[in-house]
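K.L.:
Got a structure here, written out as C-alpha coordinates. Questions coming.
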Amino acid sequence: MKFNYGDTLRIRNELYTILGKIRYIDIHGAIWYKYKLVKHKNNAEFWVQWNKRRGADQFTKLCGKVMPSDMNVVHHGYQMIIGTRGDVDVDIAAVARYEEYEDANGTHIFIVEKGVHATEYSKGIYVDKEYVSIESDAEITKPILDKMDTIKKMRFIGPIIWFLANLLNNKR
(Lines give C-alpha, C1' and ligand atoms only; values in the text may rest on other atoms or scores of the structure.)
Protein backbone atom coordinates (compact mmCIF):
# COMPACT_ATOMS: atom_id res chain seq x y z
CA MET A 1 0.00 0.00 0.00
CA LYS A 2 1.27 3.47 -0.83
CA PHE A 3 0.98 6.26 1.70
CA ASN A 4 1.49 10.02 1.56
CA TYR A 5 3.41 12.50 3.64
CA GLY A 6 1.18 13.59 6.55
CA ASP A 7 -0.98 10.44 6.57
CA THR A 8 -1.74 9.07 10.02
CA LEU A 9 -1.50 5.29 10.25
CA ARG A 10 -2.84 2.90 12.81
CA ILE A 11 -0.39 0.03 13.22
CA ARG A 12 -1.44 -2.62 15.70
CA ASN A 13 -3.60 -0.14 17.67
CA GLU A 14 -0.95 2.61 17.88
CA LEU A 15 -1.05 5.89 15.91
CA TYR A 16 1.85 7.16 13.79
CA THR A 17 2.14 10.07 11.35
CA ILE A 18 4.27 9.93 8.21
CA LEU A 19 6.88 12.69 8.29
CA GLY A 20 9.18 11.35 5.58
CA LYS A 21 9.07 9.29 2.42
CA ILE A 22 11.91 7.78 0.38
CA ARG A 23 11.50 6.27 -3.09
CA TYR A 24 13.98 3.55 -4.09
CA ILE A 25 14.86 1.57 -7.21
CA ASP A 26 16.98 -1.57 -7.39
CA ILE A 27 19.14 -2.95 -10.20
CA HIS A 28 16.18 -4.97 -11.53
CA GLY A 29 14.01 -1.85 -11.89
CA ALA A 30 11.77 -2.59 -8.90
CA ILE A 31 10.52 0.58 -7.18
CA TRP A 32 9.37 0.79 -3.56
CA TYR A 33 8.81 3.32 -0.78
CA LYS A 34 9.99 3.56 2.79
CA TYR A 35 8.12 5.85 5.19
CA LYS A 36 9.42 7.61 8.30
CA LEU A 37 6.85 7.46 11.08
CA VAL A 38 6.55 9.36 14.35
CA LYS A 39 4.60 7.65 17.11
CA HIS A 40 1.90 9.82 18.67
CA LYS A 41 2.43 8.57 22.24
CA ASN A 42 6.13 9.39 22.60
CA ASN A 43 7.44 10.89 19.31
CA ALA A 44 9.67 7.84 18.71
CA GLU A 45 10.74 7.37 15.09
CA PHE A 46 10.06 4.20 13.11
CA TRP A 47 10.12 3.13 9.47
CA VAL A 48 7.64 1.08 7.50
CA GLN A 49 7.89 -0.40 4.02
CA TRP A 50 5.98 -3.03 2.10
CA ASN A 51 7.82 -6.33 1.63
CA LYS A 52 6.41 -7.85 -1.56
CA ARG A 53 8.17 -11.18 -1.01
CA ARG A 54 6.51 -11.63 2.41
CA GLY A 55 3.22 -9.87 1.64
CA ALA A 56 3.57 -7.83 4.83
CA ASP A 57 4.95 -4.52 6.05
CA GLN A 58 8.40 -4.31 7.57
CA PHE A 59 8.08 -2.21 10.72
CA THR A 60 11.54 -1.20 11.92
CA LYS A 61 13.53 1.14 14.16
CA LEU A 62 17.16 2.20 13.83
CA CYS A 63 19.38 0.30 16.25
CA GLY A 64 22.98 -0.60 17.05
CA LYS A 65 24.97 -2.87 14.79
CA VAL A 66 24.76 -5.97 16.97
CA MET A 67 22.72 -8.51 15.01
CA PRO A 68 20.95 -11.26 16.95
CA SER A 69 22.79 -14.56 16.47
CA ASP A 70 19.77 -16.50 15.20
CA MET A 71 19.37 -14.39 12.02
CA ASN A 72 19.95 -15.57 8.45
CA VAL A 73 20.22 -13.57 5.20
CA VAL A 74 16.98 -13.78 3.20
CA HIS A 75 17.50 -10.99 0.67
CA HIS A 76 20.26 -8.64 -0.47
CA GLY A 77 21.00 -6.26 -3.29
CA TYR A 78 21.64 -2.64 -4.23
CA GLN A 79 19.23 0.27 -3.95
CA MET A 80 19.32 3.85 -5.17
CA ILE A 81 17.27 6.74 -3.82
CA ILE A 82 15.23 8.35 -6.60
CA GLY A 83 12.92 10.58 -4.58
CA THR A 84 12.34 12.05 -1.14
CA ARG A 85 9.74 14.05 0.74
CA GLY A 86 9.66 15.47 4.23
CA ASP A 87 12.01 14.82 7.14
CA VAL A 88 14.61 12.46 5.67
CA ASP A 89 18.37 12.88 5.81
CA VAL A 90 19.35 11.23 2.52
CA ASP A 91 20.49 12.39 -0.91
CA ILE A 92 18.90 11.69 -4.27
CA ALA A 93 21.00 9.18 -6.27
CA ALA A 94 22.67 7.78 -3.12
CA VAL A 95 23.39 4.08 -3.58
CA ALA A 96 23.60 1.48 -0.83
CA ARG A 97 24.00 -2.26 -0.52
CA TYR A 98 21.32 -3.77 1.68
CA GLU A 99 21.01 -7.09 3.46
CA GLU A 100 17.81 -8.34 5.08
CA TYR A 101 17.96 -10.97 7.80
CA GLU A 102 15.17 -12.95 9.49
CA ASP A 103 14.98 -15.14 12.54
CA ALA A 104 14.04 -18.84 12.25
CA ASN A 105 10.34 -18.04 12.84
CA GLY A 106 10.32 -15.40 10.06
CA THR A 107 8.81 -12.79 12.36
CA HIS A 108 11.77 -10.61 13.38
CA ILE A 109 13.98 -8.79 10.91
CA PHE A 110 17.35 -7.07 10.89
CA ILE A 111 18.40 -4.80 8.00
CA VAL A 112 21.85 -3.49 7.12
CA GLU A 113 22.17 -0.63 4.62
CA LYS A 114 25.80 0.11 3.65
CA GLY A 115 26.19 3.45 1.91
CA VAL A 116 29.34 5.24 0.77
CA HIS A 117 29.72 7.27 3.96
CA ALA A 118 27.65 5.44 6.55
CA THR A 119 26.02 2.15 7.50
CA GLU A 120 22.59 1.98 9.12
CA TYR A 121 21.17 -0.91 11.12
CA SER A 122 17.47 -1.51 11.76
CA LYS A 123 15.53 -4.16 13.59
CA GLY A 124 11.85 -4.89 13.68
CA ILE A 125 9.00 -7.19 12.82
CA TYR A 126 6.68 -8.03 9.97
CA VAL A 127 3.16 -6.65 10.35
CA ASP A 128 0.31 -8.18 8.34
CA LYS A 129 -1.49 -5.65 6.15
CA GLU A 130 -4.78 -6.02 8.04
CA TYR A 131 -3.04 -4.41 11.05
CA VAL A 132 -2.01 -1.28 9.06
CA SER A 133 -4.64 1.30 8.12
CA ILE A 134 -4.96 5.00 7.37
CA GLU A 135 -6.76 6.97 10.10
CA SER A 136 -8.40 9.88 8.29
CA ASP A 137 -9.85 11.62 11.35
CA ALA A 138 -7.10 11.05 13.93
CA GLU A 139 -5.95 14.05 15.94
CA ILE A 140 -2.27 14.79 15.36
CA THR A 141 -0.26 15.75 18.43
CA LYS A 142 1.23 19.25 18.83
CA PRO A 143 4.89 18.09 18.65
CA ILE A 144 4.17 16.35 15.33
CA LEU A 145 2.28 19.39 13.98
CA ASP A 146 5.22 21.62 15.00
CA LYS A 147 7.66 19.33 13.20
CA MET A 148 5.45 19.33 10.08
CA ASP A 149 5.37 23.14 10.20
CA THR A 150 9.19 23.29 10.40
CA ILE A 151 9.50 20.86 7.47
CA LYS A 152 7.10 23.00 5.44
CA LYS A 153 9.09 26.16 6.17
CA MET A 154 12.42 24.50 5.31
CA ARG A 155 10.99 23.28 2.02
CA PHE A 156 10.44 26.93 1.10
CA ILE A 157 13.42 28.56 2.85
CA GLY A 158 16.03 25.88 2.04
CA PRO A 159 16.33 26.68 -1.71
CA ILE A 160 16.49 30.42 -0.96
CA ILE A 161 19.36 29.91 1.50
CA TRP A 162 21.15 27.67 -1.01
CA PHE A 163 20.76 30.30 -3.77
CA LEU A 164 22.01 33.14 -1.55
CA ALA A 165 24.97 31.11 -0.28
CA ASN A 166 26.03 30.29 -3.83
CA LEU A 167 25.52 33.88 -4.97
CA LEU A 168 27.70 35.22 -2.13
CA ASN A 169 30.31 32.51 -2.67
CA ASN A 170 30.63 33.37 -6.38
CA LYS A 171 31.28 37.05 -5.59
CA ARG A 172 34.47 36.21 -3.68
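Residues in the C-alpha coordinates are numbered from 1 in each chain, the chains being A, B, ... in the order shown, and ligands are numbered from 1 in the order shown.
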I'd like the contact shell of Gly106 (chain A) - 12 Å cut-off, only C-alpha atoms, skipping same-chain residues fewer than 4 positions apart - returned as a list in words.
P.N.:
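Within the cut-off, the hits are Arg54, Ala56, Gln58, Asp70, Met71, Asn72, Val73, Val74, Glu100, Tyr101, Glu102, Phe110, Gly124, Ile125, Tyr126 and Val127 of chain A.
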K.L.:
Would you put the residues from that selection into a file with all heavy atoms, as a CSV table (one decimal), in the first residue's frame?
P.N.:
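Writing the result to again.csv gives the following:
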```
chain,number,residue,atom,x,y,z
A,54,ARG,N,7.2,-11.1,1.2
A,54,ARG,CA,6.5,-11.6,2.4
A,54,ARG,C,5.0,-11.3,2.4
A,54,ARG,O,4.3,-11.9,3.2
A,54,ARG,CB,7.1,-11.1,3.7
A,54,ARG,CG,8.5,-11.6,4.0
A,54,ARG,CD,8.4,-13.1,4.3
A,54,ARG,NE,7.5,-13.4,5.4
A,54,ARG,CZ,7.9,-13.6,6.7
A,54,ARG,NH1,9.2,-13.6,7.0
A,54,ARG,NH2,7.0,-13.9,7.6
A,56,ALA,N,3.8,-8.5,3.5
A,56,ALA,CA,3.6,-7.8,4.8
A,56,ALA,C,4.4,-6.6,4.9
A,56,ALA,O,5.4,-6.4,4.1
A,56,ALA,CB,3.9,-8.8,6.0
A,58,GLN,N,7.3,-4.3,6.7
A,58,GLN,CA,8.4,-4.3,7.6
A,58,GLN,C,8.3,-3.1,8.5
A,58,GLN,O,8.3,-2.0,8.0
A,58,GLN,CB,9.7,-4.3,6.8
A,58,GLN,CG,10.0,-5.5,6.0
A,58,GLN,CD,11.3,-5.3,5.3
A,58,GLN,OE1,11.7,-4.2,4.9
A,58,GLN,NE2,12.0,-6.4,5.1
A,70,ASP,N,20.6,-15.5,15.9
A,70,ASP,CA,19.8,-16.5,15.2
A,70,ASP,C,19.2,-16.0,13.9
A,70,ASP,O,18.3,-16.6,13.3
A,70,ASP,CB,18.6,-16.9,16.1
A,70,ASP,CG,17.7,-15.7,16.4
A,70,ASP,OD1,18.1,-14.6,16.3
A,70,ASP,OD2,16.5,-16.0,16.8
A,71,MET,N,19.8,-15.0,13.3
A,71,MET,CA,19.4,-14.4,12.0
A,71,MET,C,20.1,-15.0,10.8
A,71,MET,O,21.3,-15.2,10.9
A,71,MET,CB,19.6,-12.9,12.0
A,71,MET,CG,18.8,-12.2,13.1
A,71,MET,SD,17.1,-11.8,12.4
A,71,MET,CE,16.4,-10.9,13.8
A,72,ASN,N,19.4,-15.1,9.7
A,72,ASN,CA,20.0,-15.6,8.4
A,72,ASN,C,19.6,-14.6,7.3
A,72,ASN,O,18.5,-14.1,7.3
A,72,ASN,CB,19.4,-17.0,8.1
A,72,ASN,CG,19.9,-18.0,9.1
A,72,ASN,OD1,21.0,-18.1,9.4
A,72,ASN,ND2,18.9,-18.7,9.7
A,73,VAL,N,20.5,-14.4,6.4
A,73,VAL,CA,20.2,-13.6,5.2
A,73,VAL,C,19.1,-14.2,4.4
A,73,VAL,O,19.1,-15.4,4.0
A,73,VAL,CB,21.5,-13.4,4.3
A,73,VAL,CG1,21.1,-12.6,3.1
A,73,VAL,CG2,22.6,-12.7,5.1
A,74,VAL,N,18.1,-13.3,4.1
A,74,VAL,CA,17.0,-13.8,3.2
A,74,VAL,C,16.9,-13.0,1.9
A,74,VAL,O,16.2,-13.4,0.9
A,74,VAL,CB,15.6,-13.7,3.9
A,74,VAL,CG1,15.6,-14.7,5.1
A,74,VAL,CG2,15.3,-12.3,4.4
A,100,GLU,N,18.9,-8.1,4.2
A,100,GLU,CA,17.8,-8.3,5.1
A,100,GLU,C,18.0,-9.7,5.7
A,100,GLU,O,18.2,-10.7,5.0
A,100,GLU,CB,16.5,-8.3,4.3
A,100,GLU,CG,16.2,-6.9,3.8
A,100,GLU,CD,14.9,-6.9,3.0
A,100,GLU,OE1,14.1,-7.9,2.9
A,100,GLU,OE2,14.6,-5.8,2.4
A,101,TYR,N,17.8,-9.7,7.0
A,101,TYR,CA,18.0,-11.0,7.8
A,101,TYR,C,16.6,-11.3,8.5
A,101,TYR,O,15.9,-10.3,8.8
A,101,TYR,CB,19.0,-10.8,8.9
A,101,TYR,CG,20.4,-10.6,8.3
A,101,TYR,CD1,20.8,-9.3,8.0
A,101,TYR,CD2,21.3,-11.6,8.3
A,101,TYR,CE1,22.1,-9.1,7.5
A,101,TYR,CE2,22.6,-11.4,7.8
A,101,TYR,CZ,23.0,-10.1,7.4
A,101,TYR,OH,24.3,-9.9,6.9
A,102,GLU,N,16.4,-12.5,8.7
A,102,GLU,CA,15.2,-13.0,9.5
A,102,GLU,C,15.6,-14.0,10.5
A,102,GLU,O,16.6,-14.7,10.3
A,102,GLU,CB,14.1,-13.6,8.6
A,102,GLU,CG,13.4,-12.7,7.7
A,102,GLU,CD,12.4,-13.5,6.8
A,102,GLU,OE1,12.2,-14.7,7.0
A,102,GLU,OE2,11.8,-12.8,5.9
A,110,PHE,N,16.2,-7.9,10.6
A,110,PHE,CA,17.4,-7.1,10.9
A,110,PHE,C,17.8,-6.6,9.5
A,110,PHE,O,18.0,-7.5,8.6
A,110,PHE,CB,18.4,-7.8,11.6
A,110,PHE,CG,19.6,-7.0,12.1
A,110,PHE,CD1,19.5,-6.3,13.3
A,110,PHE,CD2,20.8,-6.9,11.3
A,110,PHE,CE1,20.6,-5.5,13.7
A,110,PHE,CE2,21.8,-6.1,11.8
A,110,PHE,CZ,21.7,-5.4,13.0
A,124,GLY,N,13.3,-5.0,13.6
A,124,GLY,CA,11.8,-4.9,13.7
A,124,GLY,C,11.1,-6.2,13.5
A,124,GLY,O,11.7,-7.3,13.6
A,125,ILE,N,9.9,-6.0,13.0
A,125,ILE,CA,9.0,-7.2,12.8
A,125,ILE,C,8.2,-7.0,11.5
A,125,ILE,O,8.2,-5.9,11.0
A,125,ILE,CB,8.0,-7.3,14.0
A,125,ILE,CG1,7.1,-6.1,14.1
A,125,ILE,CG2,8.7,-7.7,15.3
A,125,ILE,CD1,6.0,-6.2,15.1
A,126,TYR,N,7.6,-8.1,11.1
A,126,TYR,CA,6.7,-8.0,10.0
A,126,TYR,C,5.3,-7.8,10.6
A,126,TYR,O,4.9,-8.4,11.6
A,126,TYR,CB,6.7,-9.3,9.2
A,126,TYR,CG,7.9,-9.5,8.3
A,126,TYR,CD1,8.8,-10.5,8.7
A,126,TYR,CD2,8.1,-8.8,7.2
A,126,TYR,CE1,10.0,-10.7,7.9
A,126,TYR,CE2,9.3,-9.0,6.4
A,126,TYR,CZ,10.2,-9.9,6.8
A,126,TYR,OH,11.3,-10.1,6.0
A,127,VAL,N,4.5,-6.9,9.9
A,127,VAL,CA,3.2,-6.7,10.4
A,127,VAL,C,2.2,-7.0,9.2
A,127,VAL,O,2.4,-6.4,8.1
A,127,VAL,CB,3.0,-5.2,10.8
A,127,VAL,CG1,1.6,-4.9,11.2
A,127,VAL,CG2,4.0,-4.8,11.9
```
K.L.:
As a PDB file with N, CA and C atoms, in the first residue's frame, please: the residues near Lys21 (chain A) (cut-off 7 Å, only C-alpha atoms, same-chain neighbours under 3 positions excluded).
P.N.:
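The resulting file, out.pdb, is reproduced below:
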```pdb
ATOM      1  N   TYR A   5       2.896  11.680   2.565  1.00  0.00           N
ATOM      2  CA  TYR A   5       3.410  12.505   3.640  1.00  0.00           C
ATOM      3  C   TYR A   5       2.218  13.098   4.398  1.00  0.00           C
ATOM      4  N   TYR A  33       8.783   2.150  -1.670  1.00  0.00           N
ATOM      5  CA  TYR A  33       8.814   3.319  -0.777  1.00  0.00           C
ATOM      6  C   TYR A  33       9.082   2.874   0.647  1.00  0.00           C
ATOM      7  N   LYS A  34       9.767   3.751   1.364  1.00  0.00           N
ATOM      8  CA  LYS A  34       9.987   3.562   2.794  1.00  0.00           C
ATOM      9  C   LYS A  34       9.514   4.847   3.462  1.00  0.00           C
ATOM     10  N   TYR A  35       8.748   4.710   4.539  1.00  0.00           N
ATOM     11  CA  TYR A  35       8.116   5.851   5.194  1.00  0.00           C
ATOM     12  C   TYR A  35       8.652   6.030   6.610  1.00  0.00           C
ATOM     13  N   LYS A  36       8.985   7.276   6.944  1.00  0.00           N
ATOM     14  CA  LYS A  36       9.417   7.609   8.297  1.00  0.00           C
ATOM     15  C   LYS A  36       8.180   7.965   9.112  1.00  0.00           C
ATOM     16  N   THR A  84      12.529  11.864  -2.573  1.00  0.00           N
ATOM     17  CA  THR A  84      12.336  12.048  -1.135  1.00  0.00           C
ATOM     18  C   THR A  84      11.249  13.082  -0.896  1.00  0.00           C
ATOM     19  N   ARG A  85      10.716  13.045   0.301  1.00  0.00           N
ATOM     20  CA  ARG A  85       9.742  14.052   0.740  1.00  0.00           C
ATOM     21  C   ARG A  85       9.788  14.112   2.255  1.00  0.00           C
ATOM     22  N   GLY A  86       9.769  15.311   2.794  1.00  0.00           N
ATOM     23  CA  GLY A  86       9.664  15.475   4.235  1.00  0.00           C
ATOM     24  C   GLY A  86      10.978  15.363   4.978  1.00  0.00           C
TER      25      GLY A  86
END
```
K.L.:
Go through region 9-134 of chain A and collect every residue that DSSP, computed from the backbone, puts in strand (DSSP E or B); the answer should be as number ranges by chain.
P.N.:
A: 9-11, 14-26, 31-39, 45-51, 56-62, 72-86, 95-102, 108-114, 119-128, 132-134
K.L.:
Between CA of Leu15 (chain A) and CA of Gln79 (chain A), what is the distance, to one decimal in Å?
P.N.:
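Between CA of Leu15 (chain A) and CA of Gln79 (chain A) the gap is 28.9 Å.
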K.L.:
For Leu37 (chain A), work out the shell of residues within 9 Å, counting only C-alpha atoms and skipping chain neighbours fewer than 5 positions away, then give it as a PyMOL selection string.
P.N.:
chain A and resi 8-9+16-20+43-48
K.L.:
In Å, with one decimal, what is the gap from CA of Arg12 (chain A) to CA of Ser133 (chain A)?
P.N.:
9.1 Å
K.L.:
Of the residues A:Arg155, A:His75, A:Lys123, A:Lys142, which is the one nearest to Lys52 (chain A), using only C-alpha atoms?
P.N.:
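Ranked by minimum distance to Lys52 (chain A), first place goes to A:His75.
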